[in-house]
file start-v9.pdb (PDB, C-alpha atoms and all ligand atoms)
ATOM      1  CA  MET I   1     -41.767 -33.345 -73.322
ATOM      2  CA  GLN I   2     -40.289 -36.024 -71.060
ATOM      3  CA  ASN I   3     -37.748 -38.563 -72.377
ATOM      4  CA  LEU I   4     -40.423 -41.056 -73.484
ATOM      5  CA  PRO I   5     -40.836 -43.317 -76.555
ATOM      6  CA  THR I   6     -43.439 -42.464 -79.219
ATOM      7  CA  ALA I   7     -47.015 -43.531 -78.479
ATOM      8  CA  GLU I   8     -46.759 -46.327 -81.102
ATOM      9  CA  THR I   9     -43.542 -47.795 -79.655
ATOM     10  CA  TYR I  10     -44.881 -47.414 -76.149
ATOM     11  CA  THR I  11     -47.998 -49.387 -77.088
ATOM     12  CA  ALA I  12     -45.888 -52.149 -78.725
ATOM     13  CA  GLU I  13     -43.727 -52.523 -75.604
ATOM     14  CA  ALA I  14     -46.457 -54.425 -73.736
ATOM     15  CA  THR I  15     -46.242 -57.230 -76.319
ATOM     16  CA  TYR I  16     -42.511 -57.905 -75.864
ATOM     17  CA  MET I  17     -41.465 -56.649 -72.464
ATOM     18  CA  PRO I  18     -42.288 -58.658 -69.292
ATOM     19  CA  TRP I  19     -44.455 -55.686 -68.386
ATOM     20  CA  GLY I  20     -47.307 -57.144 -70.490
ATOM     21  CA  ILE I  21     -47.840 -59.928 -67.907
ATOM     22  CA  LEU I  22     -48.445 -57.387 -65.138
ATOM     23  CA  LEU I  23     -50.908 -55.425 -67.275
ATOM     24  CA  ALA I  24     -52.885 -58.596 -68.109
ATOM     25  CA  GLU I  25     -53.174 -59.587 -64.421
ATOM     26  CA  ILE I  26     -54.327 -56.133 -63.369
ATOM     27  CA  GLU I  27     -56.847 -56.089 -66.213
ATOM     28  CA  ASP I  28     -58.338 -59.397 -64.989
ATOM     29  CA  ILE I  29     -58.663 -58.118 -61.415
ATOM     30  CA  VAL I  30     -60.378 -54.879 -62.420
ATOM     31  CA  ILE I  31     -62.739 -56.647 -64.837
ATOM     32  CA  SER I  32     -63.839 -59.136 -62.187
ATOM     33  CA  LYS I  33     -63.968 -56.866 -59.120
ATOM     34  CA  THR I  34     -65.317 -53.498 -60.271
ATOM     35  CA  PRO I  35     -68.959 -52.980 -59.267
ATOM     36  CA  GLU I  36     -71.606 -52.512 -61.982
ATOM     37  CA  HIS I  37     -71.334 -48.967 -63.450
ATOM     38  CA  GLY I  38     -68.311 -48.382 -61.196
ATOM     39  CA  ARG I  39     -66.121 -45.318 -61.566
ATOM     40  CA  VAL I  40     -62.610 -46.311 -62.696
ATOM     41  CA  LEU I  41     -59.624 -43.941 -62.855
ATOM     42  CA  ASP I  42     -56.335 -44.650 -64.649
ATOM     43  CA  LEU I  43     -53.939 -42.152 -63.099
ATOM     44  CA  LEU I  44     -50.816 -41.445 -65.231
ATOM     45  CA  CYS I  45     -52.653 -43.334 -67.979
ATOM     46  CA  GLY I  46     -50.085 -42.729 -70.754
ATOM     47  CA  THR I  47     -51.535 -43.711 -74.133
ATOM     48  CA  GLY I  48     -54.663 -45.113 -72.470
ATOM     49  CA  ASN I  49     -54.075 -48.756 -73.389
ATOM     50  CA  LEU I  50     -55.056 -50.225 -70.036
ATOM     51  CA  ILE I  51     -58.153 -48.139 -69.436
ATOM     52  CA  GLY I  52     -59.108 -48.672 -73.118
ATOM     53  CA  ALA I  53     -58.893 -52.456 -72.735
ATOM     54  CA  LEU I  54     -60.908 -52.281 -69.507
ATOM     55  CA  LYS I  55     -63.683 -50.204 -71.083
ATOM     56  CA  LYS I  56     -63.877 -52.600 -74.036
ATOM     57  CA  LYS I  57     -64.486 -55.574 -71.727
ATOM     58  CA  ARG I  58     -66.694 -53.712 -69.244
ATOM     59  CA  PRO I  59     -68.562 -50.993 -71.218
ATOM     60  CA  ASP I  60     -70.753 -50.302 -68.153
ATOM     61  CA  MET I  61     -67.798 -48.803 -66.265
ATOM     62  CA  GLU I  62     -67.415 -45.029 -66.150
ATOM     63  CA  CYS I  63     -63.764 -44.572 -67.159
ATOM     64  CA  THR I  64     -61.393 -41.619 -66.742
ATOM     65  CA  GLY I  65     -57.714 -41.318 -67.698
ATOM     66  CA  VAL I  66     -55.350 -38.579 -66.503
ATOM     67  CA  ASP I  67     -51.832 -37.854 -67.804
ATOM     68  CA  LEU I  68     -49.502 -34.879 -68.090
ATOM     69  CA  GLU I  69     -48.373 -35.628 -71.654
ATOM     70  CA  PRO I  70     -50.575 -34.044 -74.372
ATOM     71  CA  GLU I  71     -49.219 -36.347 -77.132
ATOM     72  CA  TYR I  72     -50.212 -39.448 -75.172
ATOM     73  CA  ILE I  73     -53.655 -38.060 -74.330
ATOM     74  CA  ALA I  74     -54.235 -37.129 -77.999
ATOM     75  CA  TYR I  75     -53.431 -40.746 -78.963
ATOM     76  CA  ALA I  76     -55.671 -42.045 -76.162
ATOM     77  CA  ARG I  77     -58.624 -39.857 -77.216
ATOM     78  CA  GLU I  78     -58.281 -40.926 -80.836
ATOM     79  CA  HIS I  79     -58.241 -44.653 -79.977
ATOM     80  CA  HIS I  80     -60.768 -44.635 -77.123
ATOM     81  CA  PRO I  81     -63.381 -41.916 -77.782
ATOM     82  CA  ASP I  82     -65.751 -43.373 -75.153
ATOM     83  CA  ILE I  83     -63.364 -42.541 -72.286
ATOM     84  CA  ASP I  84     -62.916 -39.201 -70.543
ATOM     85  CA  PHE I  85     -59.202 -38.316 -70.950
ATOM     86  CA  ILE I  86     -57.753 -35.307 -69.166
ATOM     87  CA  VAL I  87     -54.366 -33.612 -69.577
ATOM     88  CA  ALA I  88     -53.379 -32.684 -66.024
ATOM     89  CA  ASP I  89     -50.749 -32.957 -63.329
ATOM     90  CA  ALA I  90     -51.907 -35.736 -61.000
ATOM     91  CA  PHE I  91     -50.828 -33.759 -57.939
ATOM     92  CA  THR I  92     -52.987 -30.709 -58.664
ATOM     93  CA  TRP I  93     -55.903 -32.379 -60.474
ATOM     94  CA  GLU I  94     -59.136 -32.468 -58.460
ATOM     95  CA  ALA I  95     -61.908 -34.986 -59.219
ATOM     96  CA  SER I  96     -65.561 -34.019 -58.805
ATOM     97  CA  GLU I  97     -66.312 -37.444 -57.263
ATOM     98  CA  LYS I  98     -64.209 -40.274 -55.805
ATOM     99  CA  PHE I  99     -63.557 -43.588 -57.611
ATOM    100  CA  ASP I 100     -64.421 -47.241 -56.955
ATOM    101  CA  VAL I 101     -61.215 -48.389 -58.617
ATOM    102  CA  ILE I 102     -57.948 -46.574 -59.338
ATOM    103  CA  VAL I 103     -55.164 -48.093 -61.430
ATOM    104  CA  CYS I 104     -51.684 -46.699 -61.928
ATOM    105  CA  THR I 105     -49.309 -48.824 -63.991
ATOM    106  CA  GLY I 106     -45.715 -47.861 -64.685
ATOM    107  CA  GLY I 107     -46.418 -44.419 -63.266
ATOM    108  CA  LEU I 108     -44.931 -44.293 -59.766
ATOM    109  CA  HIS I 109     -41.369 -44.730 -61.039
ATOM    110  CA  HIS I 110     -41.791 -41.709 -63.319
ATOM    111  CA  LEU I 111     -42.115 -39.513 -60.243
ATOM    112  CA  PRO I 112     -39.028 -38.308 -58.333
ATOM    113  CA  HIS I 113     -38.365 -40.502 -55.287
ATOM    114  CA  GLU I 114     -39.511 -37.830 -52.818
ATOM    115  CA  LEU I 115     -42.885 -37.485 -54.624
ATOM    116  CA  GLN I 116     -43.744 -41.205 -54.613
ATOM    117  CA  GLU I 117     -45.068 -41.289 -51.051
ATOM    118  CA  PRO I 118     -47.205 -38.111 -51.482
ATOM    119  CA  PHE I 119     -48.490 -39.514 -54.792
ATOM    120  CA  LEU I 120     -49.791 -42.612 -52.990
ATOM    121  CA  GLY I 121     -51.481 -40.232 -50.556
ATOM    122  CA  LYS I 122     -53.183 -38.565 -53.517
ATOM    123  CA  VAL I 123     -54.347 -41.957 -54.822
ATOM    124  CA  ALA I 124     -55.754 -42.813 -51.380
ATOM    125  CA  SER I 125     -57.580 -39.458 -51.242
ATOM    126  CA  LEU I 126     -59.324 -40.169 -54.579
ATOM    127  CA  LEU I 127     -60.586 -43.631 -53.523
ATOM    128  CA  LYS I 128     -64.149 -44.241 -52.307
ATOM    129  CA  GLU I 129     -64.645 -46.021 -48.976
ATOM    130  CA  GLY I 130     -64.343 -49.759 -49.747
ATOM    131  CA  GLY I 131     -62.648 -49.026 -53.089
ATOM    132  CA  MET I 132     -59.572 -50.687 -54.579
ATOM    133  CA  ALA I 133     -56.345 -49.128 -55.877
ATOM    134  CA  ILE I 134     -53.808 -51.119 -57.906
ATOM    135  CA  VAL I 135     -50.334 -49.671 -58.441
ATOM    136  CA  GLY I 136     -47.804 -51.626 -60.533
ATOM    137  CA  ASP I 137     -44.172 -50.839 -61.396
ATOM    138  CA  PRO I 138     -40.764 -52.375 -62.079
ATOM    139  CA  TYR I 139     -38.488 -52.404 -58.992
ATOM    140  CA  ILE I 140     -34.704 -52.604 -58.735
ATOM    141  CA  PRO I 141     -32.698 -54.524 -56.092
ATOM    142  CA  ASP I 142     -32.398 -52.702 -52.759
ATOM    143  CA  TYR I 143     -29.502 -50.260 -52.395
ATOM    144  CA  ALA I 144     -27.756 -48.386 -49.585
ATOM    145  CA  ASN I 145     -26.067 -45.567 -51.508
ATOM    146  CA  GLU I 146     -26.001 -43.869 -54.912
ATOM    147  CA  GLN I 147     -23.400 -46.199 -56.428
ATOM    148  CA  GLU I 148     -25.428 -49.247 -55.360
ATOM    149  CA  ARG I 149     -28.577 -47.627 -56.807
ATOM    150  CA  LYS I 150     -26.873 -47.160 -60.191
ATOM    151  CA  LEU I 151     -25.683 -50.794 -60.150
ATOM    152  CA  ALA I 152     -29.179 -51.978 -59.172
ATOM    153  CA  ALA I 153     -30.720 -49.969 -62.035
ATOM    154  CA  ALA I 154     -28.204 -51.475 -64.482
ATOM    155  CA  GLU I 155     -29.014 -55.007 -63.225
ATOM    156  CA  LEU I 156     -32.750 -54.607 -63.826
ATOM    157  CA  GLY I 157     -32.081 -52.926 -67.182
ATOM    158  CA  HIS I 158     -29.871 -55.775 -68.382
ATOM    159  CA  GLU I 159     -32.441 -58.448 -67.436
ATOM    160  CA  TYR I 160     -35.258 -56.455 -69.044
ATOM    161  CA  LEU I 161     -33.344 -55.959 -72.279
ATOM    162  CA  ALA I 162     -32.373 -59.637 -72.474
ATOM    163  CA  VAL I 163     -35.969 -60.853 -72.045
ATOM    164  CA  THR I 164     -37.266 -58.260 -74.522
ATOM    165  CA  ILE I 165     -34.831 -59.500 -77.197
ATOM    166  CA  GLN I 166     -35.624 -63.168 -76.368
ATOM    167  CA  ASN I 167     -39.327 -62.363 -76.859
ATOM    168  CA  GLY I 168     -38.611 -61.335 -80.476
ATOM    169  CA  ALA I 169     -39.137 -57.585 -80.038
ATOM    170  CA  THR I 170     -38.931 -55.222 -83.004
ATOM    171  CA  ASP I 171     -35.908 -52.891 -83.145
ATOM    172  CA  ASP I 172     -37.833 -49.841 -81.915
ATOM    173  CA  VAL I 173     -38.939 -51.760 -78.807
ATOM    174  CA  ILE I 174     -35.389 -53.106 -78.268
ATOM    175  CA  GLN I 175     -34.136 -49.513 -78.517
ATOM    176  CA  ALA I 176     -36.753 -48.445 -75.951
ATOM    177  CA  ALA I 177     -35.503 -51.208 -73.608
ATOM    178  CA  ILE I 178     -31.898 -50.008 -74.138
ATOM    179  CA  ASP I 179     -32.977 -46.415 -73.400
ATOM    180  CA  LEU I 180     -34.405 -47.518 -70.051
ATOM    181  CA  ILE I 181     -30.877 -48.211 -68.763
ATOM    182  CA  PRO I 182     -29.474 -44.632 -68.940
ATOM    183  CA  ASN I 183     -32.904 -43.311 -67.904
ATOM    184  CA  ASP I 184     -32.761 -45.398 -64.725
ATOM    185  CA  VAL I 185     -29.045 -45.037 -63.989
ATOM    186  CA  PHE I 186     -29.086 -41.238 -64.398
ATOM    187  CA  LEU I 187     -32.455 -40.663 -62.683
ATOM    188  CA  VAL I 188     -34.529 -39.630 -65.691
ATOM    189  CA  GLU I 189     -36.845 -42.301 -64.275
ATOM    190  CA  PHE I 190     -36.900 -43.074 -60.569
ATOM    191  CA  LYS I 191     -37.183 -46.811 -59.982
ATOM    192  CA  THR I 192     -36.737 -47.822 -56.374
ATOM    193  CA  SER I 193     -36.700 -51.078 -54.397
ATOM    194  CA  ILE I 194     -39.582 -53.042 -52.905
ATOM    195  CA  GLU I 195     -37.972 -52.517 -49.482
ATOM    196  CA  LYS I 196     -38.084 -48.737 -49.867
ATOM    197  CA  VAL I 197     -41.576 -48.437 -51.391
ATOM    198  CA  THR I 198     -43.537 -50.818 -49.147
ATOM    199  CA  PRO I 199     -43.691 -48.444 -46.128
ATOM    200  CA  HIS I 200     -45.231 -45.754 -48.389
ATOM    201  CA  PHE I 201     -48.096 -48.084 -49.333
ATOM    202  CA  ASN I 202     -48.566 -49.098 -45.691
ATOM    203  CA  LYS I 203     -48.725 -45.436 -44.654
ATOM    204  CA  HIS I 204     -51.700 -44.617 -46.908
ATOM    205  CA  PHE I 205     -53.709 -47.853 -47.112
ATOM    206  CA  ALA I 206     -55.133 -50.149 -44.430
ATOM    207  CA  HIS I 207     -54.902 -53.236 -46.663
ATOM    208  CA  VAL I 208     -51.933 -53.860 -48.970
ATOM    209  CA  ASP I 209     -51.323 -57.074 -50.953
ATOM    210  CA  MET I 210     -48.126 -57.335 -52.993
ATOM    211  CA  HIS I 211     -47.933 -59.493 -56.150
ATOM    212  CA  LYS I 212     -44.929 -60.244 -58.364
ATOM    213  CA  THR I 213     -45.338 -60.976 -62.092
ATOM    214  CA  TRP I 214     -41.756 -61.190 -63.365
ATOM    215  CA  GLY I 215     -38.154 -61.071 -62.255
ATOM    216  CA  PRO I 216     -35.271 -62.701 -60.395
ATOM    217  CA  ASP I 217     -35.361 -63.039 -56.582
ATOM    218  CA  SER I 218     -35.158 -59.478 -55.301
ATOM    219  CA  PHE I 219     -36.384 -57.326 -58.186
ATOM    220  CA  GLY I 220     -38.696 -57.157 -61.210
ATOM    221  CA  ASP I 221     -42.339 -56.282 -61.894
ATOM    222  CA  TYR I 222     -44.697 -55.992 -58.901
ATOM    223  CA  TYR I 223     -48.142 -54.613 -58.242
ATOM    224  CA  PHE I 224     -49.836 -53.634 -54.995
ATOM    225  CA  VAL I 225     -53.574 -54.120 -54.467
ATOM    226  CA  CYS I 226     -54.645 -51.594 -51.836
ATOM    227  CA  GLY I 227     -57.805 -50.875 -49.873
ATOM    228  CA  ASN I 228     -58.817 -48.263 -47.295
TER
HETATM  229  C1  LIG G   1     -44.467 -45.063 -68.214
HETATM  230  S1  LIG G   1     -45.847 -44.074 -68.430
HETATM  231  C2  LIG G   1     -47.127 -45.156 -67.890
HETATM  232  C3  LIG G   1     -48.348 -45.054 -68.722
HETATM  233  C4  LIG G   1     -49.487 -46.052 -68.491
HETATM  234  N1  LIG G   1     -49.950 -46.032 -67.135
HETATM  235  C5  LIG G   1     -49.171 -47.431 -68.936
HETATM  236  O1  LIG G   1     -49.114 -48.363 -68.144
HETATM  237  O2  LIG G   1     -48.955 -47.610 -70.146
HETATM  238  C6  LIG G   1     -45.759 -42.898 -67.143
HETATM  239  C7  LIG G   1     -46.693 -41.761 -67.396
HETATM  240  O3  LIG G   1     -46.715 -40.871 -66.278
HETATM  241  C8  LIG G   1     -47.006 -39.580 -66.775
HETATM  242  N2  LIG G   1     -46.714 -38.601 -65.725
HETATM  243  C9  LIG G   1     -45.522 -38.373 -65.119
HETATM  244  N3  LIG G   1     -45.664 -37.440 -64.149
HETATM  245  C10 LIG G   1     -46.979 -37.097 -64.133
HETATM  246  C11 LIG G   1     -47.765 -36.199 -63.338
HETATM  247  N4  LIG G   1     -47.219 -35.455 -62.373
HETATM  248  N5  LIG G   1     -49.092 -36.110 -63.580
HETATM  249  C12 LIG G   1     -49.659 -36.837 -64.573
HETATM  250  N6  LIG G   1     -48.977 -37.700 -65.354
HETATM  251  C13 LIG G   1     -47.649 -37.830 -65.142
HETATM  252  C14 LIG G   1     -46.152 -39.493 -68.030
HETATM  253  O4  LIG G   1     -46.607 -38.500 -68.922
HETATM  254  C15 LIG G   1     -46.290 -40.907 -68.590
HETATM  255  O5  LIG G   1     -47.312 -40.993 -69.549
END
call {"tool": "encode", "arguments": {"input": "start-v9.pdb", "output": "structure tokens"}}
result
Amino acid sequence: MQNLPTAETYTAEATYMPWGILLAEIEDIVISKTPEHGRVLDLLCGTGNLIGALKKKRPDMECTGVDLEPEYIAYAREHHPDIDFIVADAFTWEASEKFDVIVCTGGLHHLPHELQEPFLGKVASLLKEGGMAIVGDPYIPDYANEQERKLAAAELGHEYLAVTIQNGATDDVIQAAIDLIPNDVFLVEFKTSIEKVTPHFNKHFAHVDMHKTWGPDSFGDYYFVCGN
């Protein structure tokens, strides 16, 4: 078990944390751009909220969710029985067919820094020709050494916590926002900077568009829309 909140708290986070804005934008893009009966993969799908919302609005889509955490997949299966959920490690999982659309939200920063570039390679390998991948995460200010990285993680964490409280979050969600700070500072999670991640996207995709949904100048929530 990783150091993650319960499925219920995790689901509630999207209501109070800035993260909800990013999820809503990605949802709109997938709903409007996925071809009829398209194959959609949510890689590192967690509790299946995003892919569940997508399937509800576009029942024609053939939806798959993959995550390592059995508790999250059990929750996802219970709430979205019309979606194919798989417990698997994204790096070793093999799909029988490629996908028109791949989404990965809040997943990249759960992978150790050295695995983030290979993970994007895996995403690219699962995408059909002409398909679209959308990868969204929170990013910290850029840093040049380990002390700067810790300070950058604390800066994002403080801003995130403040906005979560201002949004009227329940105590369990506030606690989850507090827990993000030690997770990020001590590398339980692996947030990085936009400056460091952008070359990884450019390495694996021919087209990369970056969008920002929340945050001060140099950090916050971003998603990348990528094509081959
Ligand atoms: C913060 S959650 C994001 C969940 C979901 N995408 C969302 O937006 O709500 C990160 C997820 O990555 C999963 N994960 C981490 N490493 C993984 C791996 N190697 N293969 C599959 N899932 C992994 C964790 O179990 C966790 O559910």
call {"tool": "residues_near_ligand", "arguments": {"input": "start-v9.pdb", "ligand": "ligand LIG 1 (chain G)", "cutoff": "6 Å", "atoms": "only C-alpha atoms and all ligand atoms", "output": "list in words"}}
result
Leu44, Cys45, Gly46, Asp67, Leu68, Glu69, Ala88, Asp89, Ala90, Phe91, Cys104, Thr105, Gly106, Gly107, His110 and Leu111 of chain I
call {"tool": "resolve_selection", "arguments": {"input": "start-v9.pdb", "expression": "the PyMOL selection byres (((chain I and resi 62) around 8) and not hetatm)", "output": "PDB file with C-alpha atoms, in the coordinates of the input"}}
result
ATOM      1  CA  HIS I  37     -71.334 -48.967 -63.450  1.00  0.00           C
ATOM      2  CA  GLY I  38     -68.311 -48.382 -61.196  1.00  0.00           C
ATOM      3  CA  ARG I  39     -66.121 -45.318 -61.566  1.00  0.00           C
ATOM      4  CA  VAL I  40     -62.610 -46.311 -62.696  1.00  0.00           C
ATOM      5  CA  PRO I  59     -68.562 -50.993 -71.218  1.00  0.00           C
ATOM      6  CA  ASP I  60     -70.753 -50.302 -68.153  1.00  0.00           C
ATOM      7  CA  MET I  61     -67.798 -48.803 -66.265  1.00  0.00           C
ATOM      8  CA  CYS I  63     -63.764 -44.572 -67.159  1.00  0.00           C
ATOM      9  CA  THR I  64     -61.393 -41.619 -66.742  1.00  0.00           C
ATOM     10  CA  ILE I  83     -63.364 -42.541 -72.286  1.00  0.00           C
TER      11      ILE I  83
END
call {"tool": "residues_around", "arguments": {"input": "start-v9.pdb", "residues": "I:Tyr160", "least_positions_apart": "2", "cutoff": "9 Å", "atoms": "all atoms listed in the file", "output": "list in words"}}
result
Met17, Pro18, Glu155, Leu156, Gly157, His158, Ala162, Val163, Thr164, Ile165, Ala177, Ile178, Gly215 and Gly220 of chain I
call {"tool": "resolve_selection", "arguments": {"input": "start-v9.pdb", "expression": "the PyMOL selection byres (((chain I and resi 57) around 12) and not hetatm)", "output": "list in words"}}
result
Glu27, Asp28, Val30, Ile31, Ser32, Thr34, Leu50, Ile51, Gly52, Ala53, Leu54, Lys55, Lys56, Arg58, Pro59, Asp60, Met61 and Cys63 of chain I
call {"tool": "closest_residue", "arguments": {"input": "start-v9.pdb", "among": "I:Leu22, I:Leu41, I:Leu108, I:Ile174", "to": "I:Lys128", "atoms": "all atoms listed in the file"}}
result
I:Leu41
call {"tool": "closest_residue", "arguments": {"input": "start-v9.pdb", "among": "I:Glu71, I:Glu13, I:Ala144, I:Leu23", "to": "I:Thr213", "atoms": "only C-alpha atoms"}}
result
I:Leu23
call {"tool": "residues_around", "arguments": {"input": "start-v9.pdb", "residues": "I:Ala76", "least_positions_apart": "4", "cutoff": "8 Å", "atoms": "all atoms listed in the file", "output": "PyMOL selection string"}}
result
chain I and resi 46-49+72+80-81+85
call {"tool": "atom_distance", "arguments": {"input": "start-v9.pdb", "atom1": "atom CA of I:Asp84", "atom2": "atom CA of I:Leu43"}}
result
12.0 Å
call {"tool": "closest_residue", "arguments": {"input": "start-v9.pdb", "among": "I:Glu195, I:Asp137, I:Glu36, I:Asp221", "to": "I:Glu159", "atoms": "only C-alpha atoms"}}
result
I:Asp221
call {"tool": "atom_distance", "arguments": {"input": "start-v9.pdb", "atom1": "atom CA of I:Asp209", "atom2": "atom CA of I:Pro35"}}
result
19.9 Å
call {"tool": "atom_distance", "arguments": {"input": "start-v9.pdb", "atom1": "atom CA of I:Tyr223", "atom2": "atom CA of I:Lys150"}}
result
22.6 Å
call {"tool": "closest_residue", "arguments": {"input": "start-v9.pdb", "among": "I:Val185, I:Glu114, I:Val173, I:Val123", "to": "I:Gln147", "atoms": "all atoms listed in the file"}}
result
I:Val185
